[in-house]
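Note: the block below is data.txt and it holds compact mmCIF, C-alpha atoms.
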# COMPACT_ATOMS: atom_id res chain seq x y z
CA MET A 1 24.31 2.76 24.63
CA ARG A 2 23.62 5.34 27.28
CA GLY A 3 20.80 7.83 27.05
CA GLU A 4 18.33 10.02 28.90
CA VAL A 5 14.56 9.64 29.22
CA LEU A 6 12.75 12.51 27.50
CA HIS A 7 9.22 11.34 28.23
CA TYR A 8 7.45 8.22 29.50
CA ASP A 9 3.68 7.82 29.88
CA GLU A 10 3.08 5.01 32.37
CA ASP A 11 -0.65 4.90 31.54
CA GLN A 12 0.06 4.21 27.86
CA GLY A 13 3.42 2.49 28.32
CA PHE A 14 5.23 4.58 25.69
CA GLY A 15 8.11 7.05 25.73
CA PHE A 16 11.22 8.59 24.17
CA ILE A 17 14.95 8.44 24.90
CA THR A 18 17.75 10.70 23.69
CA GLY A 19 20.80 8.54 23.02
CA ALA A 20 24.45 9.45 23.50
CA ASP A 21 24.68 9.61 19.72
CA GLY A 22 22.22 12.53 19.66
CA ASN A 23 19.39 10.52 18.10
CA ARG A 24 15.93 10.07 19.58
CA TYR A 25 14.59 6.56 20.18
CA THR A 26 11.10 5.36 21.04
CA PHE A 27 10.39 2.59 23.52
CA ALA A 28 7.39 0.81 24.99
CA ARG A 29 6.71 -0.99 28.26
CA GLU A 30 7.72 -4.34 26.80
CA ASN A 31 11.16 -2.90 25.99
CA LEU A 32 11.94 -2.39 29.70
CA ARG A 33 14.27 -5.04 31.06
CA ARG A 34 12.65 -5.02 34.50
CA GLU A 35 10.00 -3.24 36.54
CA THR A 36 11.13 0.30 37.24
CA SER A 37 10.05 3.94 37.24
CA MET A 38 11.13 5.86 34.16
CA ALA A 39 11.18 9.49 35.25
CA ARG A 40 11.99 12.33 32.86
CA GLY A 41 15.74 12.96 32.79
CA ALA A 42 16.65 9.51 34.15
CA ALA A 43 19.88 8.03 32.80
CA VAL A 44 19.42 4.66 31.12
CA GLU A 45 21.27 1.99 29.17
CA PHE A 46 19.63 0.46 26.09
CA GLN A 47 20.22 -1.40 22.87
CA PRO A 48 19.39 0.66 19.75
CA ALA A 49 17.43 -1.14 17.02
CA GLY A 50 16.74 1.31 14.23
CA GLU A 51 14.59 4.03 15.80
CA ARG A 52 13.62 1.77 18.70
CA ALA A 53 15.30 1.29 22.07
CA ARG A 54 15.29 -2.23 23.51
CA ASP A 55 16.48 -3.80 26.78
CA VAL A 56 16.08 -0.43 28.52
CA PHE A 57 17.12 -0.21 32.16
CA PRO A 58 18.04 2.72 34.44
CA ILE A 59 21.57 3.43 35.59
CA ARG A 60 21.29 3.49 39.36
CA ALA A 61 23.66 5.66 41.35
CA GLN A 62 25.87 3.78 43.79
CA THR A 63 24.78 4.20 47.37
CA ALA A 64 27.18 5.30 50.08
CA SER A 65 28.85 2.58 52.12
CA PRO A 66 27.25 2.00 55.53
CA PRO A 67 29.16 3.04 58.66
CA ALA A 68 31.61 0.53 60.04
CA GLY A 69 29.85 -2.12 62.08
CA ALA A 70 26.43 -1.35 60.65
CA PRO A 71 24.65 -4.27 59.00
CA ALA A 72 24.36 -3.96 55.26
CA ALA A 73 20.84 -4.09 53.91
CA THR A 74 20.67 -6.44 50.97
CA ALA A 75 17.59 -6.98 48.92
CA VAL A 76 17.35 -10.64 47.98
CA PRO A 77 14.83 -11.48 45.29
CA SER A 78 12.59 -14.38 46.07
CA GLN A 79 12.92 -17.66 44.20
CA ALA A 80 9.42 -17.15 42.82
CA GLU A 81 10.51 -13.91 41.14
CA ASN A 82 13.52 -15.60 39.53
CA ALA A 83 11.75 -18.82 38.61
CA PRO A 84 11.53 -19.53 34.86
CA GLY A 85 8.14 -18.60 33.51
CA ALA A 86 7.36 -16.23 36.42
CA PRO A 87 5.27 -13.26 35.22
CA GLN A 88 7.20 -10.06 34.71
CA HIS A 89 5.55 -6.63 34.99
CA PHE A 90 7.14 -3.79 33.10
CA GLY A 91 6.87 -0.07 33.81
CA ARG A 92 4.36 -0.46 36.69
CA SER A 93 2.64 -3.04 38.79
CA ALA A 94 0.03 -5.37 37.36
CA ALA A 95 -2.56 -3.87 39.69
CA ASN A 96 -2.17 -0.49 38.00
CA ALA A 97 -1.85 -1.77 34.42
CA PRO A 98 -4.63 -0.64 32.10
CA ALA A 99 -7.20 -3.32 31.41
CA THR A 100 -7.27 -4.37 27.75
CA SER A 101 -9.90 -7.11 27.74
CA LEU A 102 -12.91 -6.77 25.45
CA TRP A 103 -15.29 -6.42 28.41
CA SER A 104 -13.10 -3.78 30.08
CA TYR A 105 -13.18 -1.66 26.92
CA PHE A 106 -16.99 -1.84 26.87
CA TRP A 107 -17.27 -0.97 30.55
CA GLN A 108 -14.82 1.92 30.23
CA GLY A 109 -16.85 3.20 27.29
CA LEU A 110 -19.93 3.40 29.51
CA THR A 111 -18.10 4.94 32.47
CA GLU A 112 -14.85 6.91 32.23
CA ASN A 113 -15.02 7.30 28.42
CA TYR A 114 -18.72 8.18 28.28
CA PHE A 115 -18.04 11.73 27.04
CA ASN A 116 -14.43 11.19 25.96
CA PHE A 117 -13.73 12.58 22.47
CA ALA A 118 -9.97 12.96 22.96
CA GLY A 119 -7.13 10.48 22.70
CA ARG A 120 -6.98 7.27 20.71
CA ALA A 121 -8.81 3.93 20.56
CA ARG A 122 -7.21 0.82 19.08
CA ARG A 123 -9.15 -1.67 16.92
CA ARG A 124 -9.52 -4.09 19.84
CA GLU A 125 -11.23 -1.40 21.91
CA TYR A 126 -13.57 -0.52 19.04
CA TRP A 127 -14.67 -4.08 18.27
CA GLY A 128 -14.81 -5.06 21.94
CA PHE A 129 -17.31 -2.27 22.52
CA CYS A 130 -19.28 -3.32 19.42
CA LEU A 131 -19.43 -6.94 20.60
CA PHE A 132 -20.76 -6.25 24.09
CA TRP A 133 -23.02 -3.44 22.87
CA THR A 134 -24.70 -5.95 20.53
CA MET A 135 -24.98 -8.54 23.30
CA ALA A 136 -26.49 -5.93 25.63
CA LEU A 137 -29.00 -4.89 22.95
CA ILE A 138 -30.05 -8.52 22.47
CA ALA A 139 -30.54 -8.84 26.23
CA VAL A 140 -32.64 -5.65 26.29
CA VAL A 141 -34.82 -6.90 23.41
CA GLY A 142 -35.26 -10.28 25.11
CA THR A 143 -36.24 -8.65 28.36
CA GLY A 144 -38.73 -6.38 26.62
CA LEU A 145 -40.34 -9.23 24.69
CA PHE A 146 -40.66 -11.27 27.89
CA ILE A 147 -42.39 -8.39 29.68
CA ASP A 148 -44.66 -7.67 26.69
CA ASP A 149 -45.65 -11.33 26.50
CA ALA A 150 -46.41 -11.41 30.23
CA MET A 151 -48.56 -8.29 29.81
CA GLY A 152 -50.38 -9.75 26.82
CA ASN A 153 -48.89 -7.29 24.32
CA SER A 154 -47.58 -9.98 21.97
CA GLY A 155 -50.33 -9.30 19.40
CA GLU A 156 -49.96 -5.53 19.57
CA LEU A 157 -47.15 -3.04 19.34
CA PRO A 158 -44.55 -4.33 21.86
CA ALA A 159 -44.45 -1.03 23.72
CA VAL A 160 -42.10 -2.19 26.47
CA THR A 161 -39.62 -3.65 23.98
CA VAL A 162 -39.65 -0.51 21.85
CA GLY A 163 -39.28 1.70 24.91
CA LEU A 164 -36.38 -0.25 26.41
CA CYS A 165 -34.55 -0.38 23.10
CA GLY A 166 -35.04 3.34 22.58
CA VAL A 167 -33.67 4.20 26.01
CA PHE A 168 -30.68 1.88 25.55
CA VAL A 169 -29.75 3.26 22.13
CA LEU A 170 -30.14 6.89 23.21
CA ALA A 171 -28.08 6.27 26.36
CA THR A 172 -25.18 4.78 24.38
CA ILE A 173 -25.01 7.43 21.65
CA PRO A 174 -22.36 9.64 23.44
CA PRO A 175 -19.85 6.82 24.12
CA TRP A 176 -20.46 5.43 20.61
CA ILE A 177 -19.63 8.77 18.96
CA GLY A 178 -16.60 9.24 21.24
CA LEU A 179 -15.33 5.77 20.39
CA ASN A 180 -15.53 6.47 16.64
CA VAL A 181 -13.77 9.81 17.07
CA ARG A 182 -10.93 8.18 19.06
CA ARG A 183 -10.69 5.38 16.46
CA LEU A 184 -10.19 8.01 13.75
CA HIS A 185 -7.52 9.69 15.90
CA ASP A 186 -5.79 6.32 16.27
CA ILE A 187 -5.25 6.05 12.50
CA GLY A 188 -4.10 9.67 12.23
CA LEU A 189 -7.35 11.25 11.01
CA THR A 190 -9.45 14.06 12.44
CA GLY A 191 -12.52 13.05 14.40
CA TRP A 192 -14.66 15.36 12.30
CA LEU A 193 -14.58 12.68 9.59
CA PHE A 194 -17.19 10.83 11.64
CA LEU A 195 -19.70 13.19 10.04
CA VAL A 196 -19.50 11.04 6.90
CA VAL A 197 -21.90 8.73 8.73
CA PHE A 198 -24.68 11.07 7.61
CA ILE A 199 -23.98 10.33 3.95
CA PRO A 200 -26.94 8.19 2.82
CA THR A 201 -26.29 4.51 2.14
CA ILE A 202 -22.47 4.57 2.18
CA GLY A 203 -21.80 6.57 5.34
CA TRP A 204 -21.66 3.56 7.65
CA LEU A 205 -19.56 1.64 5.11
CA ILE A 206 -16.94 4.39 5.19
CA ILE A 207 -16.89 4.30 9.01
CA LEU A 208 -16.50 0.51 8.85
CA VAL A 209 -13.45 0.85 6.61
CA PHE A 210 -11.91 3.37 9.04
CA ALA A 211 -12.55 0.95 11.93
CA LEU A 212 -10.60 -1.81 10.15
CA ILE A 213 -7.42 0.23 9.58
CA PRO A 214 -4.53 -0.78 11.92
CA THR A 215 -3.24 1.50 14.67
CA GLN A 216 -0.51 3.99 13.81
CA ALA A 217 2.53 2.46 15.52
CA ARG A 218 3.84 5.81 16.68
CA GLU A 219 2.77 8.79 18.70
CA ASN A 220 0.63 11.27 16.80
CA GLN A 221 -1.00 14.60 17.60
CA TRP A 222 -3.81 12.86 19.51
CA GLY A 223 -1.57 10.94 21.88
CA PRO A 224 0.80 7.98 22.28
CA VAL A 225 0.20 4.48 20.97
CA PRO A 226 -2.66 2.85 22.95
CA ALA A 227 -1.70 0.36 25.66
CA GLY A 228 -1.47 -3.24 24.52
CA VAL A 229 -0.53 -2.51 20.91
CA GLY A 230 2.58 -4.41 19.85
CA ILE A 231 4.95 -2.07 18.07
If you took the structure in this file and wrote it as C-alpha cells, what would it be?
Amino acid sequence: MRGEVLHYDEDQGFGFITGADGNRYTFARENLRRETSMARGAAVEFQPAGERARDVFPIRAQTASPPAGAPAATAVPSQAENAPGAPQHFGRSAANAPATSLWSYFWQGLTENYFNFAGRARRREYWGFCLFWTMALIAVVGTGLFIDDAMGNSGELPAVTVGLCGVFVLATIPPWIGLNVRRLHDIGLTGWLFLVVFIPTIGWLIILVFALIPTQARENQWGPVPAGVGI
C-alpha cells in the first residue's frame, strides 16, 4: 500500500503514516526495509498489519536520463553490505543511534538528563541507572572506609565515609527524581505521582510497583515510545 509520512522522530525511531485507504499507521525503526531518511510528506510503500506499517520504504522519483555520451553513475553496493548476516542500520547510521546499554543510561542520567523531567524512560533505563548507582555508592563507601582506616578513624565516627556518601547522594537526587518522573510518563501517568514517595512506609513500595509496569507501546502525551522498545 502507498502512503505518506506524517511524522518520524529519528531520535526515538517512531512515526506515523497516512495510508491510501485514509487510515493512520504507526511504524518504528525496525519496520524500515533499509536505511533511509523519512521526511515529513515523503511518499512510501508499506505492508499494513493492523494499525502497524511494516516493510516501509520510500518511493524514489526517477532521475532524468544523462545526456548522450555521458557516463551513467551507478551505485553498486559492496559485497559486505549484501552478505548474509551483515548488520543493517535502520532510520539512521549506527554512529548516531541512541545508546541503550545499562551503563549509557546511567551516564546520560548524570549528564544530559541531570535536570530532565520531561519525556519518557523505559524500564531498562530505570533499572540500569539503579544498578550503576548502587555500584557507585558501594565504591564511594569503600573509598571512604579505606581513607578512614588510613587516618585511624576506624574506632570513631567514619567522618570521611559519611561525608562522601552524603555528597554522592545529594548530587544524584536531581537525576533520580527526573528518572522517576520520566518512568511515570512512560506508563501514561503524571510525574506528580512521584510525591507518593513521601507516604510513610509504603511510599517507596508504590514507586517500585510503578517502575515494574511495562512501557506503553504507543505514543502518549509525554512523547513517542522510547528507543529500543520492541513494539
Please return, as number ranges by chain, all polymer residues that have at least one atom within 8 Å of the point (-12.7, 6.9, 14.4); use only C-alpha atoms and the file's own coordinate frame.
-> A: 121, 179-187, 189, 191, 193-194, 207, 210-211
Quick one, how far is atom CA of A:Phe57 from atom CA of A:Tyr8?
->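 Computing the Euclidean distance for atom CA of A:Phe57 and atom CA of A:Tyr8 yields 13.1 Å.
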Pick the closest to A:Thr190 from A:Gly119, A:Gly41, A:Pro224, A:Gly142: which is it, counting all atoms listed in the file?
->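 So, comparing all the options, the nearest one is A:Gly119.
With distances taken over all atoms listed in the file, A:Tyr126 is the one residue among A:Tyr126, A:Met1, A:Ala136, A:Thr172 lying closest to A:Ile213.
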Can you work out which one of A:Arg54, A:His7, A:Arg2, A:Arg218 has the shortest atom-to-atom distance to A:Arg33, counting only C-alpha atoms?
->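 Using only C-alpha atoms, A:Arg33 sits closest to A:Arg54.
Atom CA of A:Asn116 to atom CA of A:Ala28 spans 24.2 Å [interatomic distance, one decimal].
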Pairwise distance, atom CA of A:Thr36 with atom CA of A:Ala227, equals 17.3 Å
Between A:Ile177, A:Val140, A:Ile199, A:Val44, which one has atoms that come closest to A:Phe117, using all atoms listed in the file?
->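 Selected residue with least distance to A:Phe117: A:Ile177.
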Hey, what's within 8 Å of A:Leu145 if we count all atoms listed in the file and toss same-chain stuff fewer than 2 positions away? As an MDAnalysis selection string, please?
-> chainID A and resid 141:143 147:149 154 158 160:161
Output as JSON the centre and edge lengths (Å, one decimal) of the box along x, y and z of the file that holds every listed atom of stretch 192-207 of chain A after adding 4 Å on each side.
{"center_x": -20.8, "center_y": 8.5, "center_z": 7.2, "size_x": 20.4, "size_y": 21.7, "size_z": 18.2}
In file coordinates, which residues lie within 12 Å of (-17.9, -3.4, 15.2) using all atoms listed in the file, given as a ChimeraX atom specification?
-> /A:102,106,123-135,176,179-180,183,204-205,207-212
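Nearest to A:Arg34 of all the residues A:Gly50, A:Gly19, A:Val56, A:Phe115 is A:Val56, counting only C-alpha atoms.
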Shortest interatomic distance to A:Ile138 - which of A:Gly178, A:Phe168, A:Leu195, A:Trp107, counting all atoms listed in the file =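 Once distances to A:Ile138 are computed over all atoms listed in the file, the minimum belongs to A:Phe168.
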